[in-house]
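Comments concern the structure below.
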Amino acid sequence: MECSARQTCSQCLLQPACGWCDDGSDTGLGVCREGALSGSLQRSDNATVCPAASWYFADCPECVCNGHSTCIAVPSVCSNCTGNTGGLQCETCAAGYWGSPLLGAHCEQCFCNNHGQYECNQTDGHCTCTTVGVVGDTCSRCSDNYIGNPVSGTCFQPILSGFIYTTTIAENYNKANYACTSLKTGLDVTFQLRCNGAAWFNLTWMDDLHEEEVLFSQTCSGGIFKAKFSRYDYNFAENNFTFLLYIHSDNTRITLTITFYQSSPLDIALFFATFLGCFLALLVVAALSWKTKEKYDAYRRRQIRCIEMEKMASRPKVDILLLFEPNELDADADAQSVSHIDLIPVCQLRSDPQAPPNRIVPVVVEPLVDHQSGVITTFIQLPTGGVPYTSYDQVGLAIGSALVTVTTMLKDEDVSVKDANKANKKETRA
């Protein structure tokens, strides 16, 4: 490396055959040139030779302030460094500035668009952004999924109405901003903020026709803040109406829960109209259900009737022995009295000859589905016309059916049998 590339005296003396030529201002400024202990070298006729009093080949001058100050009292200590520099020899930039102050160069102020730390990287001037969603070397861009302009304002995280947002602000951030624009017309808006630490928030609103206006500006210390805004005071869904929420913390980790949701006060007329509509709909559904049930029950009855008819048609044939009682009439009975003789049921032949002869004994009993009623079938002896038996050219026997209660019929049969048994016992004793 050539001697002229060395910027300070200490760097110059580290290079062999290089020495420092002080400019005589007592600020530490000079030039690194080729030379030896005896003095600087002259490479051309036009080159100047460093004066012997200003030539330093083995040691540097006692006062080296890089052109930003002079040494007072203590020869090796610079006082009141200028040009936004600092250090014992004004060799570094002051806080909030960056660059290389060597050889009289100036330090530039850190520029982070009010979204970074006060101090930036003193070598390249890159900022450490402290606003959530702001990025870039100078905090001049919004990150993905954020809106806004950090150069003229800030970046906002969009949030939707009706959702709960839980976010955490890390220790290296002290600001976070949110914007809610997805609002509907005709509904009130409720804002709710919960924080688990000390923070300060600022809630504002704006639209295309109004400048930004502050609604609330206060602290949130581990509690819940809730506010409601009437639809009659604001046009929420017109002219790009937007709620803006600014959160500030003291570089401490904090968790926030943010909610914007819309609701409408209870409308009595709408409530009763809705209730009546639901009630009528319920009645319609109930009526349709009842009609459907009736049709289904009718269908089931037809099915059961068909099954019963199939069973009756497929029942086996049996032989039944019948006992015909003679029609005993008085010899003096006239024709008119004969015509009013009741039908005489034909009794099935029973093993007990003492059974009541005129009691209806069914030949067949067909129980119905409920097992409480049934259809009985019996034989009936028709009137004989005053003679003991029907003549050969007349019909004397008929088949009759009736719907009866099965339990009552069985109970009557049991009673009749008991009465017959009692009568038999009395005759036996007699």
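Ligands are numbered from 1 in the order shown, residues from 1 within each chain, and chains are lettered A, B, ... in the order they appear in the structure tokens.
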
- Task: Might you pull out every residue within 9 Å of segment 108-111 of chain A, with only C-alpha atoms counted and same-chain residues fewer than 5 positions away left off, and present them as a PyMOL selection string?
- Result: chain A and resi 84+93+95-99+116+118-122+125-127+138-139

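Of note, atom CA of Pro362 of chain A and atom CA of Thr384 of chain A are spaced 22.0 Å apart.
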
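Separating atom CA of Ser401 of chain A from atom CA of Ala298 of chain A is a distance of 24.0 Å.
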
- Every residue of segment 106-347 of chain A that DSSP places in alpha helix (DSSP H), as a PyMOL selection string: chain A and resi 268-313+335-339
